[in-house]
>>> print(open('model.pdb').read())   # PDB, C-alpha atoms and all ligand atoms
ATOM      1  CA  MET R   1       0.000   0.000   0.000  1.00  0.00           C
ATOM      2  CA  ARG R   2       1.478   3.296  -1.031  1.00  0.00           C
ATOM      3  CA  PHE R   3       0.059   6.462   0.506  1.00  0.00           C
ATOM      4  CA  GLU R   4       0.911   9.648  -1.301  1.00  0.00           C
ATOM      5  CA  GLY R   5       0.350  13.047   0.216  1.00  0.00           C
ATOM      6  CA  ILE R   6      -2.607  12.123   2.389  1.00  0.00           C
ATOM      7  CA  THR R   7      -4.157  15.261   3.819  1.00  0.00           C
ATOM      8  CA  LEU R   8      -7.381  15.083   5.771  1.00  0.00           C
ATOM      9  CA  ALA R   9      -9.395  17.921   7.251  1.00  0.00           C
ATOM     10  CA  TYR R  10     -12.592  18.019   9.272  1.00  0.00           C
ATOM     11  CA  GLY R  11     -14.004  21.453   8.623  1.00  0.00           C
ATOM     12  CA  HIS R  12     -11.162  23.885   9.236  1.00  0.00           C
ATOM     13  CA  LYS R  13      -9.173  21.443  11.321  1.00  0.00           C
ATOM     14  CA  THR R  14      -6.391  19.557   9.534  1.00  0.00           C
ATOM     15  CA  ILE R  15      -6.088  16.062  10.986  1.00  0.00           C
ATOM     16  CA  LEU R  16      -3.504  14.455   8.683  1.00  0.00           C
ATOM     17  CA  ARG R  17      -0.859  16.502   6.894  1.00  0.00           C
ATOM     18  CA  ASN R  18       0.789  15.259   3.748  1.00  0.00           C
ATOM     19  CA  VAL R  19       1.315  11.688   4.956  1.00  0.00           C
ATOM     20  CA  SER R  20       3.342   9.588   2.488  1.00  0.00           C
ATOM     21  CA  VAL R  21       4.085   6.046   3.596  1.00  0.00           C
ATOM     22  CA  VAL R  22       4.654   2.700   1.902  1.00  0.00           C
ATOM     23  CA  ILE R  23       3.581  -0.474   3.701  1.00  0.00           C
ATOM     24  CA  GLU R  24       4.730  -3.650   1.966  1.00  0.00           C
ATOM     25  CA  PRO R  25       2.731  -6.886   1.993  1.00  0.00           C
ATOM     26  CA  GLY R  26       3.724  -9.021   4.983  1.00  0.00           C
ATOM     27  CA  GLU R  27       5.093  -6.169   7.102  1.00  0.00           C
ATOM     28  CA  PHE R  28       4.409  -5.696  10.824  1.00  0.00           C
ATOM     29  CA  VAL R  29       4.016  -2.000  11.615  1.00  0.00           C
ATOM     30  CA  PHE R  30       3.304  -0.121  14.829  1.00  0.00           C
ATOM     31  CA  LEU R  31       1.629   3.285  14.678  1.00  0.00           C
ATOM     32  CA  ILE R  32       2.508   5.385  17.691  1.00  0.00           C
ATOM     33  CA  GLY R  33       2.027   8.973  18.832  1.00  0.00           C
ATOM     34  CA  GLY R  34       0.224  10.923  21.524  1.00  0.00           C
ATOM     35  CA  SER R  35      -3.527  11.069  21.912  1.00  0.00           C
ATOM     36  CA  GLY R  36      -4.998  13.016  19.003  1.00  0.00           C
ATOM     37  CA  SER R  37      -1.873  12.664  16.847  1.00  0.00           C
ATOM     38  CA  GLY R  38      -3.806  10.971  14.033  1.00  0.00           C
ATOM     39  CA  LYS R  39      -3.360   7.197  14.444  1.00  0.00           C
ATOM     40  CA  THR R  40      -7.054   6.297  14.280  1.00  0.00           C
ATOM     41  CA  SER R  41      -7.561   8.784  11.459  1.00  0.00           C
ATOM     42  CA  PHE R  42      -4.758   7.130   9.487  1.00  0.00           C
ATOM     43  CA  ILE R  43      -6.394   3.734  10.093  1.00  0.00           C
ATOM     44  CA  ARG R  44      -9.625   5.128   8.705  1.00  0.00           C
ATOM     45  CA  MET R  45      -7.671   6.125   5.595  1.00  0.00           C
ATOM     46  CA  LEU R  46      -6.323   2.569   5.348  1.00  0.00           C
ATOM     47  CA  ILE R  47      -9.857   1.213   5.383  1.00  0.00           C
ATOM     48  CA  GLY R  48     -11.010   3.790   2.866  1.00  0.00           C
ATOM     49  CA  ASP R  49     -13.640   5.183   5.232  1.00  0.00           C
ATOM     50  CA  PHE R  50     -13.784   8.409   3.290  1.00  0.00           C
ATOM     51  CA  PRO R  51     -11.533  10.017   0.703  1.00  0.00           C
ATOM     52  CA  PRO R  52      -8.826  12.440   1.831  1.00  0.00           C
ATOM     53  CA  LYS R  53      -6.702  14.575  -0.470  1.00  0.00           C
ATOM     54  CA  GLY R  54      -3.962  12.446  -1.926  1.00  0.00           C
ATOM     55  CA  GLY R  55      -3.949   8.841  -2.982  1.00  0.00           C
ATOM     56  CA  MET R  56      -3.494   5.254  -1.937  1.00  0.00           C
ATOM     57  CA  PHE R  57      -2.179   2.766  -4.472  1.00  0.00           C
ATOM     58  CA  ILE R  58      -1.826  -0.996  -4.356  1.00  0.00           C
ATOM     59  CA  ASP R  59       0.736  -2.917  -6.421  1.00  0.00           C
ATOM     60  CA  ASN R  60      -0.658  -4.517  -9.569  1.00  0.00           C
ATOM     61  CA  GLN R  61      -4.023  -2.838  -9.092  1.00  0.00           C
ATOM     62  CA  GLY R  62      -4.560   0.237 -11.110  1.00  0.00           C
ATOM     63  CA  GLY R  63      -5.579   3.574  -9.775  1.00  0.00           C
ATOM     64  CA  ASN R  64      -6.227   5.391  -6.585  1.00  0.00           C
ATOM     65  CA  VAL R  65      -8.154   3.278  -4.057  1.00  0.00           C
ATOM     66  CA  TYR R  66     -10.065   6.392  -3.011  1.00  0.00           C
ATOM     67  CA  SER R  67     -11.585   6.611  -6.487  1.00  0.00           C
ATOM     68  CA  TYR R  68     -12.754   2.994  -6.507  1.00  0.00           C
ATOM     69  CA  ARG R  69     -16.399   2.432  -7.256  1.00  0.00           C
ATOM     70  CA  SER R  70     -18.450   0.796  -4.545  1.00  0.00           C
ATOM     71  CA  ARG R  71     -17.962  -2.786  -5.682  1.00  0.00           C
ATOM     72  CA  ALA R  72     -14.164  -2.492  -5.964  1.00  0.00           C
ATOM     73  CA  MET R  73     -14.093  -0.693  -2.614  1.00  0.00           C
ATOM     74  CA  ALA R  74     -16.120  -3.496  -1.009  1.00  0.00           C
ATOM     75  CA  ARG R  75     -13.637  -6.023  -2.392  1.00  0.00           C
ATOM     76  CA  TYR R  76     -10.734  -3.942  -1.078  1.00  0.00           C
ATOM     77  CA  ARG R  77     -12.285  -3.723   2.402  1.00  0.00           C
ATOM     78  CA  ARG R  78     -13.013  -7.430   2.545  1.00  0.00           C
ATOM     79  CA  ASN R  79      -9.284  -8.037   2.430  1.00  0.00           C
ATOM     80  CA  ILE R  80      -8.780  -6.038   5.636  1.00  0.00           C
ATOM     81  CA  GLY R  81      -9.711  -7.275   9.094  1.00  0.00           C
ATOM     82  CA  VAL R  82     -10.076  -4.519  11.657  1.00  0.00           C
ATOM     83  CA  ILE R  83     -10.029  -4.821  15.432  1.00  0.00           C
ATOM     84  CA  PHE R  84     -11.574  -1.579  16.625  1.00  0.00           C
ATOM     85  CA  GLN R  85     -10.805   0.364  19.793  1.00  0.00           C
ATOM     86  CA  ASP R  86     -14.427  -0.008  20.939  1.00  0.00           C
ATOM     87  CA  PHE R  87     -15.125  -3.507  19.593  1.00  0.00           C
ATOM     88  CA  LYS R  88     -18.854  -4.019  19.678  1.00  0.00           C
ATOM     89  CA  LEU R  89     -19.651  -7.567  20.730  1.00  0.00           C
ATOM     90  CA  LEU R  90     -23.096  -8.806  21.691  1.00  0.00           C
ATOM     91  CA  LYS R  91     -22.685  -9.485  25.415  1.00  0.00           C
ATOM     92  CA  SER R  92     -25.724 -11.692  25.875  1.00  0.00           C
ATOM     93  CA  LYS R  93     -24.660 -13.986  23.055  1.00  0.00           C
ATOM     94  CA  THR R  94     -22.007 -16.688  22.936  1.00  0.00           C
ATOM     95  CA  VAL R  95     -18.583 -16.542  21.328  1.00  0.00           C
ATOM     96  CA  TYR R  96     -19.880 -18.717  18.491  1.00  0.00           C
ATOM     97  CA  GLU R  97     -22.959 -16.554  17.952  1.00  0.00           C
ATOM     98  CA  ASN R  98     -20.903 -13.358  17.816  1.00  0.00           C
ATOM     99  CA  VAL R  99     -18.617 -14.624  15.074  1.00  0.00           C
ATOM    100  CA  ALA R 100     -21.489 -16.353  13.251  1.00  0.00           C
ATOM    101  CA  PHE R 101     -23.533 -13.149  13.362  1.00  0.00           C
ATOM    102  CA  ALA R 102     -20.740 -11.202  11.653  1.00  0.00           C
ATOM    103  CA  MET R 103     -20.644 -13.856   8.935  1.00  0.00           C
ATOM    104  CA  GLU R 104     -24.423 -13.798   8.473  1.00  0.00           C
ATOM    105  CA  VAL R 105     -24.309 -10.035   8.038  1.00  0.00           C
ATOM    106  CA  SER R 106     -21.683 -10.564   5.324  1.00  0.00           C
ATOM    107  CA  GLY R 107     -23.986 -12.971   3.519  1.00  0.00           C
ATOM    108  CA  TYR R 108     -22.354 -16.347   4.253  1.00  0.00           C
ATOM    109  CA  ASP R 109     -24.638 -19.374   4.381  1.00  0.00           C
ATOM    110  CA  ASP R 110     -24.979 -21.684   7.389  1.00  0.00           C
ATOM    111  CA  LEU R 111     -22.712 -24.352   5.935  1.00  0.00           C
ATOM    112  CA  HIS R 112     -19.843 -21.900   5.509  1.00  0.00           C
ATOM    113  CA  ILE R 113     -20.484 -20.402   8.911  1.00  0.00           C
ATOM    114  CA  SER R 114     -20.425 -23.682  10.800  1.00  0.00           C
ATOM    115  CA  ALA R 115     -17.163 -24.625   9.071  1.00  0.00           C
ATOM    116  CA  ARG R 116     -15.424 -21.274   9.396  1.00  0.00           C
ATOM    117  CA  VAL R 117     -16.242 -20.259  12.990  1.00  0.00           C
ATOM    118  CA  PRO R 118     -14.169 -23.073  14.581  1.00  0.00           C
ATOM    119  CA  GLU R 119     -11.263 -22.224  12.241  1.00  0.00           C
ATOM    120  CA  VAL R 120     -11.066 -18.595  13.307  1.00  0.00           C
ATOM    121  CA  LEU R 121     -11.651 -19.472  16.973  1.00  0.00           C
ATOM    122  CA  SER R 122      -8.715 -21.857  16.887  1.00  0.00           C
ATOM    123  CA  GLN R 123      -6.523 -19.102  15.388  1.00  0.00           C
ATOM    124  CA  VAL R 124      -7.160 -17.057  18.540  1.00  0.00           C
ATOM    125  CA  TRP R 125      -6.962 -20.070  20.925  1.00  0.00           C
ATOM    126  CA  LEU R 126     -10.635 -19.862  21.870  1.00  0.00           C
ATOM    127  CA  LEU R 127     -12.049 -23.176  20.653  1.00  0.00           C
ATOM    128  CA  SER R 128     -12.653 -24.337  24.218  1.00  0.00           C
ATOM    129  CA  LYS R 129     -14.774 -21.225  24.895  1.00  0.00           C
ATOM    130  CA  THR R 130     -16.954 -21.566  21.793  1.00  0.00           C
ATOM    131  CA  HIS R 131     -20.223 -21.744  23.720  1.00  0.00           C
ATOM    132  CA  GLN R 132     -19.428 -19.366  26.593  1.00  0.00           C
ATOM    133  CA  PHE R 133     -21.253 -16.072  26.784  1.00  0.00           C
ATOM    134  CA  ILE R 134     -19.229 -12.922  26.184  1.00  0.00           C
ATOM    135  CA  HIS R 135     -20.012 -11.691  29.703  1.00  0.00           C
ATOM    136  CA  GLU R 136     -18.372 -14.841  31.071  1.00  0.00           C
ATOM    137  CA  LEU R 137     -15.013 -14.107  29.421  1.00  0.00           C
ATOM    138  CA  SER R 138     -11.925 -12.266  30.619  1.00  0.00           C
ATOM    139  CA  GLY R 139     -10.944  -8.984  28.938  1.00  0.00           C
ATOM    140  CA  GLY R 140      -8.221 -10.734  26.950  1.00  0.00           C
ATOM    141  CA  GLU R 141     -10.625 -13.408  25.752  1.00  0.00           C
ATOM    142  CA  VAL R 142     -13.169 -10.795  24.689  1.00  0.00           C
ATOM    143  CA  GLN R 143     -10.470  -9.077  22.671  1.00  0.00           C
ATOM    144  CA  ARG R 144      -9.598 -12.407  21.055  1.00  0.00           C
ATOM    145  CA  VAL R 145     -13.231 -12.800  19.946  1.00  0.00           C
ATOM    146  CA  ALA R 146     -12.876  -9.385  18.300  1.00  0.00           C
ATOM    147  CA  ILE R 147      -9.777 -10.666  16.476  1.00  0.00           C
ATOM    148  CA  ALA R 148     -11.623 -13.844  15.427  1.00  0.00           C
ATOM    149  CA  ARG R 149     -14.354 -11.674  13.964  1.00  0.00           C
ATOM    150  CA  ALA R 150     -11.769  -9.695  11.992  1.00  0.00           C
ATOM    151  CA  LEU R 151     -10.489 -12.964  10.463  1.00  0.00           C
ATOM    152  CA  ILE R 152     -13.717 -14.269   8.957  1.00  0.00           C
ATOM    153  CA  HIS R 153     -12.859 -13.318   5.355  1.00  0.00           C
ATOM    154  CA  ASP R 154      -9.267 -14.536   5.808  1.00  0.00           C
ATOM    155  CA  PRO R 155      -7.957 -11.038   5.047  1.00  0.00           C
ATOM    156  CA  ASP R 156      -4.364 -10.368   3.984  1.00  0.00           C
ATOM    157  CA  VAL R 157      -4.223  -7.272   6.180  1.00  0.00           C
ATOM    158  CA  ILE R 158      -5.036  -7.120   9.911  1.00  0.00           C
ATOM    159  CA  ILE R 159      -5.368  -3.740  11.601  1.00  0.00           C
ATOM    160  CA  GLY R 160      -5.695  -3.219  15.340  1.00  0.00           C
ATOM    161  CA  ASP R 161      -6.552   0.132  16.908  1.00  0.00           C
ATOM    162  CA  GLU R 162      -5.140  -0.215  20.416  1.00  0.00           C
ATOM    163  CA  PRO R 163      -6.039  -3.916  20.606  1.00  0.00           C
ATOM    164  CA  THR R 164      -4.371  -4.189  24.017  1.00  0.00           C
ATOM    165  CA  GLY R 165      -5.674  -0.854  25.287  1.00  0.00           C
ATOM    166  CA  ASN R 166      -7.551  -2.071  28.358  1.00  0.00           C
ATOM    167  CA  LEU R 167      -5.632  -5.251  29.080  1.00  0.00           C
ATOM    168  CA  ASP R 168      -3.136  -6.252  31.739  1.00  0.00           C
ATOM    169  CA  PRO R 169       0.413  -7.190  30.648  1.00  0.00           C
ATOM    170  CA  LYS R 170      -0.321 -10.923  30.487  1.00  0.00           C
ATOM    171  CA  ASN R 171      -3.393 -10.539  28.289  1.00  0.00           C
ATOM    172  CA  SER R 172      -1.628  -7.906  26.177  1.00  0.00           C
ATOM    173  CA  ALA R 173       1.247 -10.295  25.574  1.00  0.00           C
ATOM    174  CA  GLU R 174      -1.231 -12.983  24.478  1.00  0.00           C
ATOM    175  CA  ILE R 175      -2.874 -10.657  21.981  1.00  0.00           C
ATOM    176  CA  MET R 176       0.530  -9.671  20.583  1.00  0.00           C
ATOM    177  CA  LYS R 177       1.474 -13.343  20.321  1.00  0.00           C
ATOM    178  CA  ILE R 178      -1.647 -13.991  18.239  1.00  0.00           C
ATOM    179  CA  LEU R 179      -0.908 -10.987  16.023  1.00  0.00           C
ATOM    180  CA  THR R 180       2.674 -12.258  15.653  1.00  0.00           C
ATOM    181  CA  GLU R 181       1.384 -15.676  14.575  1.00  0.00           C
ATOM    182  CA  LEU R 182      -0.871 -14.031  12.004  1.00  0.00           C
ATOM    183  CA  HIS R 183       2.115 -12.029  10.775  1.00  0.00           C
ATOM    184  CA  GLU R 184       4.232 -15.185  10.543  1.00  0.00           C
ATOM    185  CA  SER R 185       1.475 -16.828   8.507  1.00  0.00           C
ATOM    186  CA  GLY R 186       2.070 -14.094   5.915  1.00  0.00           C
ATOM    187  CA  LYS R 187      -0.397 -11.386   6.844  1.00  0.00           C
ATOM    188  CA  THR R 188       0.330  -7.683   6.974  1.00  0.00           C
ATOM    189  CA  VAL R 189      -0.249  -6.467  10.540  1.00  0.00           C
ATOM    190  CA  ILE R 190      -0.712  -2.805  11.461  1.00  0.00           C
ATOM    191  CA  VAL R 191      -1.215  -1.886  15.127  1.00  0.00           C
ATOM    192  CA  ALA R 192      -1.830   1.513  16.718  1.00  0.00           C
ATOM    193  CA  THR R 193      -0.751   1.495  20.333  1.00  0.00           C
ATOM    194  CA  HIS R 194       0.357   3.491  23.370  1.00  0.00           C
ATOM    195  CA  ASP R 195       2.080   0.452  24.845  1.00  0.00           C
ATOM    196  CA  SER R 196       5.691   1.636  24.755  1.00  0.00           C
ATOM    197  CA  ALA R 197       7.131  -1.420  26.500  1.00  0.00           C
ATOM    198  CA  MET R 198       5.507  -3.697  23.921  1.00  0.00           C
ATOM    199  CA  VAL R 199       6.780  -1.622  20.990  1.00  0.00           C
ATOM    200  CA  ASP R 200      10.318  -1.573  22.416  1.00  0.00           C
ATOM    201  CA  ARG R 201      10.283  -5.304  22.987  1.00  0.00           C
ATOM    202  CA  MET R 202       9.011  -6.325  19.558  1.00  0.00           C
ATOM    203  CA  LYS R 203      11.575  -4.466  17.405  1.00  0.00           C
ATOM    204  CA  LYS R 204       9.235  -3.977  14.483  1.00  0.00           C
ATOM    205  CA  ARG R 205       8.819  -1.060  12.137  1.00  0.00           C
ATOM    206  CA  VAL R 206       7.508   1.955  14.058  1.00  0.00           C
ATOM    207  CA  ILE R 207       5.758   4.889  12.383  1.00  0.00           C
ATOM    208  CA  ALA R 208       5.326   7.843  14.741  1.00  0.00           C
ATOM    209  CA  PHE R 209       2.649  10.509  14.305  1.00  0.00           C
ATOM    210  CA  ASP R 210       2.597  13.976  15.777  1.00  0.00           C
ATOM    211  CA  GLU R 211      -0.109  16.510  14.989  1.00  0.00           C
ATOM    212  CA  GLY R 212      -1.154  14.581  11.919  1.00  0.00           C
ATOM    213  CA  GLN R 213       2.341  14.222  10.464  1.00  0.00           C
ATOM    214  CA  VAL R 214       4.665  11.261  10.256  1.00  0.00           C
ATOM    215  CA  VAL R 215       7.637  12.388  12.350  1.00  0.00           C
ATOM    216  CA  SER R 216       9.666   9.193  12.230  1.00  0.00           C
ATOM    217  CA  ASP R 217       9.633   5.803  10.570  1.00  0.00           C
ATOM    218  CA  GLU R 218      12.154   3.287  11.899  1.00  0.00           C
ATOM    219  CA  ARG R 219      12.635  -0.366  11.105  1.00  0.00           C
ATOM    220  CA  GLY R 220      13.344  -2.457  14.165  1.00  0.00           C
ATOM    221  CA  GLY R 221      12.577   0.651  16.155  1.00  0.00           C
ATOM    222  CA  GLY R 222      11.310   1.310  19.628  1.00  0.00           C
ATOM    223  CA  TYR R 223       8.862   3.687  21.243  1.00  0.00           C
ATOM    224  CA  SER R 224      11.518   5.864  22.838  1.00  0.00           C
ATOM    225  CA  LEU R 225      13.553   6.115  19.616  1.00  0.00           C
ATOM    226  CA  ALA R 226      10.656   7.805  17.935  1.00  0.00           C
ATOM    227  CA  LYS R 227      10.290  10.551  20.543  1.00  0.00           C
TER
HETATM  228  N1  LIG N 301     -15.033  12.969  13.307  1.00  0.00           N
HETATM  229  C1  LIG N 301     -14.170  13.915  13.700  1.00  0.00           C
HETATM  230  N2  LIG N 301     -14.472  15.231  13.575  1.00  0.00           N
HETATM  231  C2  LIG N 301     -13.587  16.186  13.931  1.00  0.00           C
HETATM  232  N3  LIG N 301     -12.375  15.938  14.459  1.00  0.00           N
HETATM  233  C3  LIG N 301     -12.020  14.664  14.614  1.00  0.00           C
HETATM  234  C4  LIG N 301     -12.889  13.581  14.251  1.00  0.00           C
HETATM  235  N4  LIG N 301     -12.249  12.415  14.522  1.00  0.00           N
HETATM  236  C5  LIG N 301     -11.043  12.764  15.036  1.00  0.00           C
HETATM  237  N5  LIG N 301     -10.911  14.104  15.099  1.00  0.00           N
HETATM  238  C6  LIG N 301      -9.712  14.838  15.547  1.00  0.00           C
HETATM  239  O1  LIG N 301      -8.621  14.381  14.800  1.00  0.00           O
HETATM  240  C7  LIG N 301      -7.423  14.392  15.586  1.00  0.00           C
HETATM  241  C8  LIG N 301      -6.752  13.037  15.481  1.00  0.00           C
HETATM  242  O2  LIG N 301      -7.578  12.080  16.113  1.00  0.00           O
HETATM  243  P1  LIG N 301      -7.278  10.533  16.112  1.00  0.00           P
HETATM  244  O3  LIG N 301      -8.464   9.870  16.665  1.00  0.00           O
HETATM  245  O4  LIG N 301      -6.811  10.142  14.770  1.00  0.00           O
HETATM  246  O5  LIG N 301      -6.043  10.470  17.131  1.00  0.00           O
HETATM  247  P2  LIG N 301      -5.352   9.195  17.779  1.00  0.00           P
HETATM  248  O6  LIG N 301      -3.896   9.346  17.489  1.00  0.00           O
HETATM  249  O7  LIG N 301      -6.013   7.959  17.337  1.00  0.00           O
HETATM  250  O8  LIG N 301      -5.578   9.429  19.323  1.00  0.00           O
HETATM  251  P3  LIG N 301      -5.815   8.327  20.504  1.00  0.00           P
HETATM  252  O9  LIG N 301      -4.455   7.843  20.868  1.00  0.00           O
HETATM  253  O10 LIG N 301      -6.411   9.161  21.604  1.00  0.00           O
HETATM  254  O11 LIG N 301      -6.724   7.285  20.005  1.00  0.00           O
HETATM  255  C9  LIG N 301      -7.851  14.778  16.994  1.00  0.00           C
HETATM  256  O12 LIG N 301      -7.524  16.129  17.174  1.00  0.00           O
HETATM  257  C10 LIG N 301      -9.342  14.563  16.988  1.00  0.00           C
HETATM  258  O13 LIG N 301      -9.961  15.463  17.857  1.00  0.00           O
HETATM  259 MG    MG N 302      -7.076   6.478  18.292  1.00  0.00          MG
END
>>> encode(input="model.pdb", output="structure tokens", more="lines below")
Ligand SMILES: Nc1ncnc2c1ncn2[C@@H]1O[C@H](COP(=O)(O)OP(=O)(O)OP(=O)(O)O)[C@@H](O)[C@H]1O
Ligand SMILES: [Mg+2]
Amino acid sequence: MRFEGITLAYGHKTILRNVSVVIEPGEFVFLIGGSGSGKTSFIRMLIGDFPPKGGMFIDNQGGNVYSYRSRAMARYRRNIGVIFQDFKLLKSKTVYENVAFAMEVSGYDDLHISARVPEVLSQVWLLSKTHQFIHELSGGEVQRVAIARALIHDPDVIIGDEPTGNLDPKNSAEIMKILTELHESGKTVIVATHDSAMVDRMKKRVIAFDEGQVVSDERGGGYSLAK
């Protein structure tokens, strides 16, 4: 994915300023920066939520993603699994029902659903909790259900917006382990986070935002390096 001169404004407020970044297939990238620096906004650009000024281009696929027509955009988005900051799970339903519901909404039939749900639950080590209710799970397990839901289309790109935001160190480490496994299986993983210790430990590429600009981009970097 090649971003060229992404500039985004809400009204008179400029949120992203001339962001140009290339993310190669199969990379693991952290997005860091203070609150309000533009991480979530950049993620929305990755998903193609709405068109900014500038362009996003994908190898071997012609044209600016932001000018895709609705069908091409839907195809593009299907290849991205997003774990949102405020993941909305149905608390009074089971783990199985939550993932199955997301598949129903996407138009899968029952046969596909009953085959696919156990696959994605095993990718996040939750097979044994298939029939537990969400309100019976720990915070880390709930977050893993959110990851399972992001995997239903077997996307090439996984994006997490502070996926370990409300978790203790042990649960955070588990989530990062799962994201690492997904990365090792060939997926591109992009994670916005405030967890400096995690970023330092993992030695991945780190893109730092400040006031809507990319202020550093280091391979094998750490949180402190980018300050
Ligand atoms: N819908 C919106 N309308 C107007 N301003 C917005 C909107 N969404 C975000 N902003 C502003 O854009 C700026 C960047 O916000 P963004 O959510 O991208 O930051 P962030 O780096 O994700 O912060 P955090 O670490 O707190 O999640 C902030 O100043 C925010 O107030
Ligand atoms: Mg954010």
>>> closest_atom_pairs(input="model.pdb", of="segment 17-105 of chain R", to="segment 185-208 of chain R", cutoff="6 Å", atoms="all atoms listed in the file", output="tab-separated table")
residue	atom	partner	partner_atom	distance
R:Pro25	CA	R:Thr188	CA	5.6
R:Gly26	CA	R:Thr188	CA	4.2
R:Glu27	CA	R:Thr188	CA	5.0
R:Phe28	CA	R:Val189	CA	4.7
R:Val29	CA	R:Ile190	CA	4.8
R:Phe30	CA	R:Val206	CA	4.8
R:Leu31	CA	R:Ala192	CA	4.4
R:Ile32	CA	R:Ala208	CA	4.8
R:Gly33	CA	R:Ala208	CA	5.4
>>> atom_distance(input="model.pdb", atom1="atom CA of Gly11 of chain R", atom2="atom CA of Asp210 of chain R")
19.6 Å
>>> closest_atom_pairs(input="model.pdb", of="chain R", to="ligand LIG 301 (chain N)", cutoff="9 Å", atoms="all atoms listed in the file", output="CSV")
residue,atom,partner,partner_atom,distance
R:Ala9,CA,N:LIG301,N3,8.0
R:Tyr10,CA,N:LIG301,C2,5.1
R:Gly11,CA,N:LIG301,C2,7.5
R:Lys13,CA,N:LIG301,N3,7.1
R:Thr14,CA,N:LIG301,O1,7.7
R:Ile15,CA,N:LIG301,O1,4.9
R:Leu16,CA,N:LIG301,C8,7.7
R:Leu31,CA,N:LIG301,O6,8.7
R:Ile32,CA,N:LIG301,O6,7.5
R:Gly33,CA,N:LIG301,O6,6.1
R:Gly34,CA,N:LIG301,O9,5.6
R:Ser35,CA,N:LIG301,O10,3.5
R:Gly36,CA,N:LIG301,O5,3.3
R:Ser37,CA,N:LIG301,O6,3.9
R:Gly38,CA,N:LIG301,O4,3.2
R:Lys39,CA,N:LIG301,O6,3.8
R:Thr40,CA,N:LIG301,O7,3.6
R:Ser41,CA,N:LIG301,O4,3.7
R:Phe42,CA,N:LIG301,O4,6.4
R:Ile43,CA,N:LIG301,O4,7.9
R:Arg44,CA,N:LIG301,O4,8.4
R:Gln85,CA,N:LIG301,O11,8.0
R:Asp161,CA,N:LIG301,O11,7.8
R:Glu162,CA,N:LIG301,O11,7.7
R:Ala192,CA,N:LIG301,O7,7.7
R:Thr193,CA,N:LIG301,O9,7.4
R:His194,CA,N:LIG301,O9,7.0
R:Phe209,CA,N:LIG301,O6,7.4
R:Asp210,CA,N:LIG301,O6,8.2
R:Glu211,CA,N:LIG301,C8,7.5
R:Gly212,CA,N:LIG301,C8,6.8
>>> residues_around(input="model.pdb", residues="Asn171 of chain R", least_positions_apart="4", cutoff="12 Å", atoms="only C-alpha atoms", output="number ranges by chain")
R: 138-144, 163-167, 175-178
>>> closest_residue(input="model.pdb", among="R:Ile6, R:Val157, R:Gly62, R:Arg71", to="Phe50 of chain R", atoms="all atoms listed in the file")
R:Ile6
>>> axis_aligned_box(input="model.pdb", around="segment 97-108 of chain R", padding_each_side="8 Å", output="AutoDock Vina command-line options")
--center_x -21.5 --center_y -13.3 --center_z 10.7 --size_x 21.8 --size_y 22.5 --size_z 30.4
>>> atom_distance(input="model.pdb", atom1="atom CA of Ser106 of chain R", atom2="atom CA of Ile159 of chain R")
18.8 Å
>>> closest_residue(input="model.pdb", among="R:Phe84, R:Glu136, R:Arg69, R:Glu97", to="Asp110 of chain R", atoms="all atoms listed in the file")
R:Glu97
>>> resolve_selection(input="model.pdb", expression="the PyMOL selection byres (((chain R and resi 148-150) around 6) and not hetatm)", output="MDAnalysis selection string")
chainID R and resid 81:82 99 120:121 145:147 151:152
>>> atom_distance(input="model.pdb", atom1="atom CA of Val105 of chain R", atom2="atom CA of Met56 of chain R")
27.7 Å
>>> closest_residue(input="model.pdb", among="R:Ile47, R:Ala100, R:Leu90, R:Ile83", to="His112 of chain R", atoms="only C-alpha atoms")
R:Ala100
